[in-house]
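This is run-v7.txt (compact mmCIF, N, CA and C atoms).
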# COMPACT_ATOMS: atom_id res chain seq x y z
N MET A 1 -9.47 85.34 59.08
CA MET A 1 -8.83 85.47 60.37
C MET A 1 -7.83 86.63 60.30
N VAL A 2 -7.90 87.50 61.29
CA VAL A 2 -7.03 88.67 61.33
C VAL A 2 -5.74 88.28 62.03
N GLN A 3 -4.63 88.54 61.36
CA GLN A 3 -3.34 88.22 61.96
C GLN A 3 -2.86 89.42 62.78
N ARG A 4 -2.40 89.09 63.99
CA ARG A 4 -1.89 90.15 64.88
C ARG A 4 -0.48 90.52 64.48
N SER A 5 -0.12 91.72 64.81
CA SER A 5 1.22 92.18 64.48
C SER A 5 2.22 91.57 65.45
N TYR A 6 3.46 91.62 65.06
CA TYR A 6 4.53 91.11 65.92
C TYR A 6 4.54 91.85 67.26
N GLU A 7 4.30 93.14 67.23
CA GLU A 7 4.31 93.93 68.45
C GLU A 7 3.21 93.47 69.41
N GLU A 8 2.04 93.17 68.88
CA GLU A 8 0.94 92.70 69.73
C GLU A 8 1.27 91.34 70.34
N ARG A 9 1.82 90.47 69.52
CA ARG A 9 2.18 89.13 70.03
C ARG A 9 3.28 89.22 71.08
N LEU A 10 4.27 90.07 70.84
CA LEU A 10 5.35 90.25 71.82
C LEU A 10 4.81 90.85 73.12
N ALA A 11 3.87 91.78 73.01
CA ALA A 11 3.28 92.39 74.20
C ALA A 11 2.51 91.35 75.02
N GLU A 12 1.79 90.45 74.33
CA GLU A 12 1.06 89.38 75.02
C GLU A 12 2.03 88.44 75.74
N ILE A 13 3.13 88.11 75.06
CA ILE A 13 4.14 87.23 75.67
C ILE A 13 4.76 87.90 76.88
N ALA A 14 5.08 89.18 76.78
CA ALA A 14 5.66 89.91 77.91
C ALA A 14 4.68 89.95 79.08
N LYS A 15 3.41 90.17 78.77
CA LYS A 15 2.38 90.18 79.82
C LYS A 15 2.30 88.82 80.50
N ARG A 16 2.31 87.75 79.71
CA ARG A 16 2.25 86.39 80.27
C ARG A 16 3.49 86.11 81.13
N GLN A 17 4.66 86.58 80.69
CA GLN A 17 5.89 86.40 81.48
C GLN A 17 5.76 87.09 82.83
N GLU A 18 5.22 88.28 82.86
CA GLU A 18 5.03 89.00 84.12
C GLU A 18 4.07 88.24 85.03
N GLN A 19 3.02 87.68 84.46
CA GLN A 19 2.07 86.90 85.25
C GLN A 19 2.75 85.68 85.85
N LEU A 20 3.57 85.00 85.05
CA LEU A 20 4.28 83.81 85.55
C LEU A 20 5.29 84.19 86.63
N LYS A 21 5.98 85.31 86.46
CA LYS A 21 6.93 85.76 87.48
C LYS A 21 6.21 86.09 88.78
N ALA A 22 5.03 86.70 88.67
CA ALA A 22 4.25 87.01 89.87
C ALA A 22 3.80 85.72 90.56
N GLN A 23 3.38 84.72 89.77
CA GLN A 23 3.00 83.43 90.35
C GLN A 23 4.18 82.77 91.04
N GLU A 24 5.36 82.86 90.42
CA GLU A 24 6.57 82.28 91.01
C GLU A 24 6.90 82.97 92.33
N ARG A 25 6.82 84.31 92.37
CA ARG A 25 7.08 85.04 93.61
C ARG A 25 6.10 84.63 94.70
N ASP A 26 4.83 84.50 94.35
CA ASP A 26 3.81 84.11 95.33
C ASP A 26 4.08 82.71 95.87
N LEU A 27 4.42 81.78 94.99
CA LEU A 27 4.71 80.41 95.44
C LEU A 27 5.93 80.38 96.35
N LYS A 28 6.99 81.11 96.00
CA LYS A 28 8.19 81.15 96.84
C LYS A 28 7.88 81.78 98.19
N LYS A 29 7.05 82.81 98.19
CA LYS A 29 6.67 83.46 99.45
C LYS A 29 5.88 82.49 100.32
N ARG A 30 4.93 81.78 99.72
CA ARG A 30 4.14 80.80 100.48
C ARG A 30 5.02 79.68 101.03
N GLN A 31 5.97 79.22 100.21
CA GLN A 31 6.88 78.17 100.64
C GLN A 31 7.72 78.62 101.83
N SER A 32 8.27 79.83 101.77
CA SER A 32 9.10 80.30 102.88
C SER A 32 8.26 80.51 104.14
N GLU A 33 7.01 80.95 103.99
CA GLU A 33 6.13 81.10 105.16
C GLU A 33 5.86 79.75 105.81
N GLU A 34 5.58 78.73 104.99
CA GLU A 34 5.34 77.39 105.53
C GLU A 34 6.58 76.84 106.22
N GLU A 35 7.76 77.03 105.62
CA GLU A 35 9.00 76.57 106.24
C GLU A 35 9.24 77.29 107.57
N ARG A 36 8.97 78.60 107.62
CA ARG A 36 9.14 79.36 108.85
C ARG A 36 8.19 78.86 109.93
N LYS A 37 6.94 78.56 109.55
CA LYS A 37 5.96 78.04 110.52
C LYS A 37 6.39 76.68 111.05
N ARG A 38 6.91 75.79 110.17
CA ARG A 38 7.37 74.48 110.62
C ARG A 38 8.56 74.62 111.56
N ARG A 39 9.49 75.53 111.24
CA ARG A 39 10.66 75.74 112.10
C ARG A 39 10.23 76.28 113.46
N THR A 40 9.31 77.24 113.45
CA THR A 40 8.82 77.82 114.71
C THR A 40 8.17 76.73 115.55
N ARG A 41 7.39 75.86 114.93
CA ARG A 41 6.74 74.77 115.67
C ARG A 41 7.79 73.83 116.29
N ARG A 42 8.82 73.48 115.50
CA ARG A 42 9.89 72.62 116.02
C ARG A 42 10.58 73.25 117.22
N LEU A 43 10.88 74.55 117.11
CA LEU A 43 11.56 75.24 118.21
C LEU A 43 10.68 75.27 119.46
N ILE A 44 9.40 75.51 119.29
CA ILE A 44 8.49 75.53 120.44
C ILE A 44 8.41 74.14 121.06
N GLU A 45 8.33 73.11 120.23
CA GLU A 45 8.27 71.74 120.74
C GLU A 45 9.55 71.38 121.51
N LEU A 46 10.71 71.79 120.97
CA LEU A 46 11.97 71.53 121.67
C LEU A 46 12.00 72.24 123.02
N GLY A 47 11.52 73.47 123.05
CA GLY A 47 11.45 74.19 124.33
C GLY A 47 10.54 73.47 125.31
N GLY A 48 9.43 72.94 124.83
CA GLY A 48 8.53 72.18 125.69
C GLY A 48 9.18 70.92 126.23
N ILE A 49 9.96 70.27 125.38
CA ILE A 49 10.68 69.06 125.82
C ILE A 49 11.68 69.41 126.91
N VAL A 50 12.42 70.49 126.70
CA VAL A 50 13.40 70.92 127.71
C VAL A 50 12.70 71.21 129.03
N GLU A 51 11.58 71.94 128.98
CA GLU A 51 10.86 72.26 130.22
C GLU A 51 10.30 71.01 130.87
N SER A 52 9.86 70.03 130.07
CA SER A 52 9.32 68.81 130.68
C SER A 52 10.41 68.01 131.37
N VAL A 53 11.62 68.02 130.79
CA VAL A 53 12.74 67.31 131.44
C VAL A 53 13.17 68.05 132.70
N LEU A 54 13.20 69.38 132.63
CA LEU A 54 13.58 70.17 133.81
C LEU A 54 12.52 70.09 134.91
N GLY A 55 11.29 69.93 134.50
CA GLY A 55 10.20 69.89 135.48
C GLY A 55 9.80 71.27 135.95
N ARG A 56 10.16 72.28 135.18
CA ARG A 56 9.83 73.66 135.54
C ARG A 56 9.95 74.51 134.28
N PRO A 57 9.33 75.69 134.30
CA PRO A 57 9.50 76.60 133.16
C PRO A 57 10.94 77.09 133.09
N THR A 58 11.41 77.35 131.89
CA THR A 58 12.77 77.86 131.74
C THR A 58 12.80 79.35 132.03
N VAL A 59 13.97 79.81 132.43
CA VAL A 59 14.21 81.24 132.66
C VAL A 59 15.37 81.65 131.75
N ASP A 60 15.60 82.94 131.64
CA ASP A 60 16.63 83.43 130.72
C ASP A 60 18.01 82.83 130.99
N GLU A 61 18.35 82.62 132.25
CA GLU A 61 19.68 82.07 132.58
C GLU A 61 19.83 80.64 132.06
N ASP A 62 18.72 79.94 131.87
CA ASP A 62 18.78 78.56 131.38
C ASP A 62 19.34 78.48 129.97
N LYS A 63 19.11 79.52 129.17
CA LYS A 63 19.59 79.49 127.78
C LYS A 63 21.11 79.37 127.76
N GLU A 64 21.78 80.19 128.57
CA GLU A 64 23.24 80.16 128.61
C GLU A 64 23.74 78.83 129.17
N ARG A 65 23.08 78.33 130.23
CA ARG A 65 23.48 77.04 130.82
C ARG A 65 23.30 75.92 129.80
N PHE A 66 22.18 75.93 129.10
CA PHE A 66 21.89 74.89 128.12
C PHE A 66 22.90 74.93 126.98
N LEU A 67 23.20 76.12 126.49
CA LEU A 67 24.19 76.28 125.43
C LEU A 67 25.55 75.75 125.89
N HIS A 68 25.96 76.11 127.10
CA HIS A 68 27.24 75.64 127.65
C HIS A 68 27.23 74.11 127.77
N PHE A 69 26.14 73.56 128.26
CA PHE A 69 26.02 72.11 128.41
C PHE A 69 26.16 71.40 127.06
N LEU A 70 25.45 71.90 126.04
CA LEU A 70 25.52 71.26 124.73
C LEU A 70 26.91 71.38 124.13
N LYS A 71 27.55 72.53 124.28
CA LYS A 71 28.91 72.70 123.76
C LYS A 71 29.88 71.76 124.47
N LYS A 72 29.69 71.59 125.78
CA LYS A 72 30.54 70.67 126.55
C LYS A 72 30.35 69.23 126.07
N GLN A 73 29.10 68.85 125.81
CA GLN A 73 28.83 67.51 125.30
C GLN A 73 29.52 67.29 123.95
N GLU A 74 29.51 68.32 123.12
CA GLU A 74 30.15 68.21 121.82
C GLU A 74 31.67 68.10 121.96
N SER A 75 32.25 68.89 122.85
CA SER A 75 33.71 68.84 123.01
C SER A 75 34.17 67.56 123.69
N ASN A 76 33.28 66.91 124.43
CA ASN A 76 33.64 65.67 125.12
C ASN A 76 33.40 64.42 124.28
N GLY A 77 33.04 64.57 123.04
CA GLY A 77 32.85 63.37 122.22
C GLY A 77 31.67 63.46 121.28
N ARG A 78 31.21 64.66 121.04
CA ARG A 78 30.10 64.88 120.14
C ARG A 78 28.87 64.04 120.51
N PHE A 79 28.61 63.91 121.80
CA PHE A 79 27.51 63.08 122.28
C PHE A 79 26.16 63.59 121.79
N PHE A 80 25.95 64.88 121.84
CA PHE A 80 24.67 65.45 121.43
C PHE A 80 24.44 65.22 119.94
N SER A 81 25.44 65.53 119.12
CA SER A 81 25.30 65.34 117.67
C SER A 81 25.06 63.88 117.33
N LYS A 82 25.80 63.00 117.97
CA LYS A 82 25.63 61.57 117.71
C LYS A 82 24.23 61.12 118.07
N ALA A 83 23.74 61.55 119.22
CA ALA A 83 22.40 61.16 119.64
C ALA A 83 21.34 61.72 118.70
N MET A 84 21.50 62.96 118.30
CA MET A 84 20.49 63.61 117.46
C MET A 84 20.55 63.12 116.01
N ASN A 85 21.69 62.64 115.57
CA ASN A 85 21.82 62.17 114.20
C ASN A 85 21.65 60.66 114.09
N GLY A 86 21.24 60.03 115.19
CA GLY A 86 20.92 58.62 115.15
C GLY A 86 22.11 57.69 115.15
N ILE A 87 23.27 58.18 115.54
CA ILE A 87 24.45 57.31 115.61
C ILE A 87 24.32 56.46 116.86
N LYS A 88 24.54 55.15 116.69
CA LYS A 88 24.37 54.22 117.80
C LYS A 88 25.37 54.53 118.90
N MET A 89 24.82 54.64 120.10
CA MET A 89 25.65 54.93 121.26
C MET A 89 25.45 53.80 122.26
N PRO A 90 26.40 53.61 123.18
CA PRO A 90 26.23 52.57 124.19
C PRO A 90 24.95 52.80 124.99
N LYS A 91 24.27 51.70 125.31
CA LYS A 91 23.02 51.80 126.05
C LYS A 91 23.30 52.23 127.48
N VAL A 92 22.52 53.17 127.95
CA VAL A 92 22.60 53.62 129.33
C VAL A 92 21.45 52.93 130.06
N LEU A 93 21.75 52.29 131.17
CA LEU A 93 20.71 51.61 131.92
C LEU A 93 19.73 52.59 132.52
N GLU A 94 18.46 52.27 132.39
CA GLU A 94 17.42 53.05 133.05
C GLU A 94 17.44 52.68 134.53
N GLU A 95 16.86 53.51 135.37
CA GLU A 95 16.85 53.24 136.82
C GLU A 95 16.23 51.89 137.12
N SER A 96 15.13 51.55 136.44
CA SER A 96 14.46 50.29 136.73
C SER A 96 15.31 49.09 136.31
N GLU A 97 16.11 49.25 135.26
CA GLU A 97 16.99 48.18 134.81
C GLU A 97 18.20 48.03 135.72
N ALA A 98 18.61 49.11 136.35
CA ALA A 98 19.82 49.12 137.15
C ALA A 98 19.58 48.60 138.58
N GLU A 99 18.31 48.42 138.97
CA GLU A 99 18.02 47.96 140.34
C GLU A 99 18.50 46.52 140.52
N PRO A 100 19.18 46.24 141.60
CA PRO A 100 19.63 44.87 141.84
C PRO A 100 18.44 43.96 142.16
N GLU A 101 18.65 42.67 141.96
CA GLU A 101 17.59 41.72 142.28
C GLU A 101 17.32 41.74 143.78
N SER A 102 16.10 41.39 144.13
CA SER A 102 15.77 41.36 145.56
C SER A 102 16.50 40.20 146.22
N ALA A 103 16.69 40.28 147.53
CA ALA A 103 17.40 39.24 148.28
C ALA A 103 16.65 37.91 148.18
N ALA A 104 15.33 37.96 148.17
CA ALA A 104 14.53 36.74 148.08
C ALA A 104 14.74 36.03 146.75
N SER A 105 14.77 36.75 145.66
CA SER A 105 14.94 36.11 144.37
C SER A 105 16.36 35.56 144.22
N ARG A 106 17.36 36.23 144.82
CA ARG A 106 18.73 35.72 144.78
C ARG A 106 18.82 34.42 145.60
N ALA A 107 18.15 34.38 146.73
CA ALA A 107 18.17 33.19 147.58
C ALA A 107 17.47 32.03 146.88
N ASP A 108 16.39 32.33 146.15
CA ASP A 108 15.67 31.27 145.44
C ASP A 108 16.55 30.66 144.35
N THR A 109 17.23 31.47 143.60
CA THR A 109 18.05 30.95 142.51
C THR A 109 19.32 30.30 143.05
N ALA A 110 19.85 30.78 144.16
CA ALA A 110 21.07 30.20 144.73
C ALA A 110 20.75 28.84 145.35
N GLY A 111 19.62 28.68 145.96
CA GLY A 111 19.29 27.43 146.62
C GLY A 111 18.69 26.39 145.69
N ALA A 112 18.39 26.75 144.47
CA ALA A 112 17.74 25.82 143.54
C ALA A 112 18.62 24.64 143.21
N GLY A 113 19.90 24.81 143.13
CA GLY A 113 20.80 23.72 142.78
C GLY A 113 21.19 22.88 143.99
N ASP A 114 20.88 23.30 145.23
CA ASP A 114 21.29 22.60 146.44
C ASP A 114 20.39 21.43 146.77
N ASP A 115 19.19 21.34 146.17
CA ASP A 115 18.24 20.29 146.54
C ASP A 115 18.62 18.92 145.99
N ALA A 116 19.42 18.83 145.01
CA ALA A 116 19.69 17.55 144.34
C ALA A 116 20.57 16.65 145.11

Starting from the coordinates I provided, produce the structure as structure tokens.
Amino acid sequence: MVQRSYEERLAEIAKRQEQLKAQERDLKKRQSEEERKRRTRRLIELGGIVESVLGRPTVDEDKERFLHFLKKQESNGRFFSKAMNGIKMPKVLEESEAEPESAASRADTAGAGDDA
């Protein structure tokens, strides 16, 4: 068996190190691309949610209004941050929950005790 010189072995190790560094750069590049794509998707989805709530496409002036609204919510009690970070907030009644009982159902329950 022919033994390689120290210089040859060191050159092979240096070559392997360069290959590993190139692999590391490629993996980091791929990772940052995937993170950027996920962030872009989240931003697009948030924009879609805003437009669905507004019921119309957004315009440039909406960005400033939305930013002002969110900052106001934060200064008034950090409502946006609390909601987005899952902090329990008092329940707000939905329209259907806030509707009063019909007059007929109130009359039925009020007169139920009068029959005895």

With 8 Å of padding per side, what axis-aligned box (centre and edge lengths, Å, one decimal) covers all the listed atoms of region 71-87 of chain A? Give it as lines of an AutoDock Vina configuration file.
center_x = 27.3
center_y = 64.6
center_z = 120.3
size_x = 29.7
size_y = 32.2
size_z = 28.5

- Tell me, in Å to one decimal, how far atom N of Ser81 (chain A) is from atom C of Gln31 (chain A). 28.0 Å

- Which value, in Å to one decimal, gives the distance between CA of Asn76 (chain A) and CA of Val50 (chain A)?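 Spanning CA of Asn76 (chain A) to CA of Val50 (chain A) is a straight-line distance of 21.1 Å.
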
- Task: Give me, please, the distance in Å between CA of Leu70 (chain A) and atom N of Met84 (chain A), quoted to one decimal.
- Result: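 Computing the Euclidean distance for CA of Leu70 (chain A) and atom N of Met84 (chain A) yields 11.2 Å.
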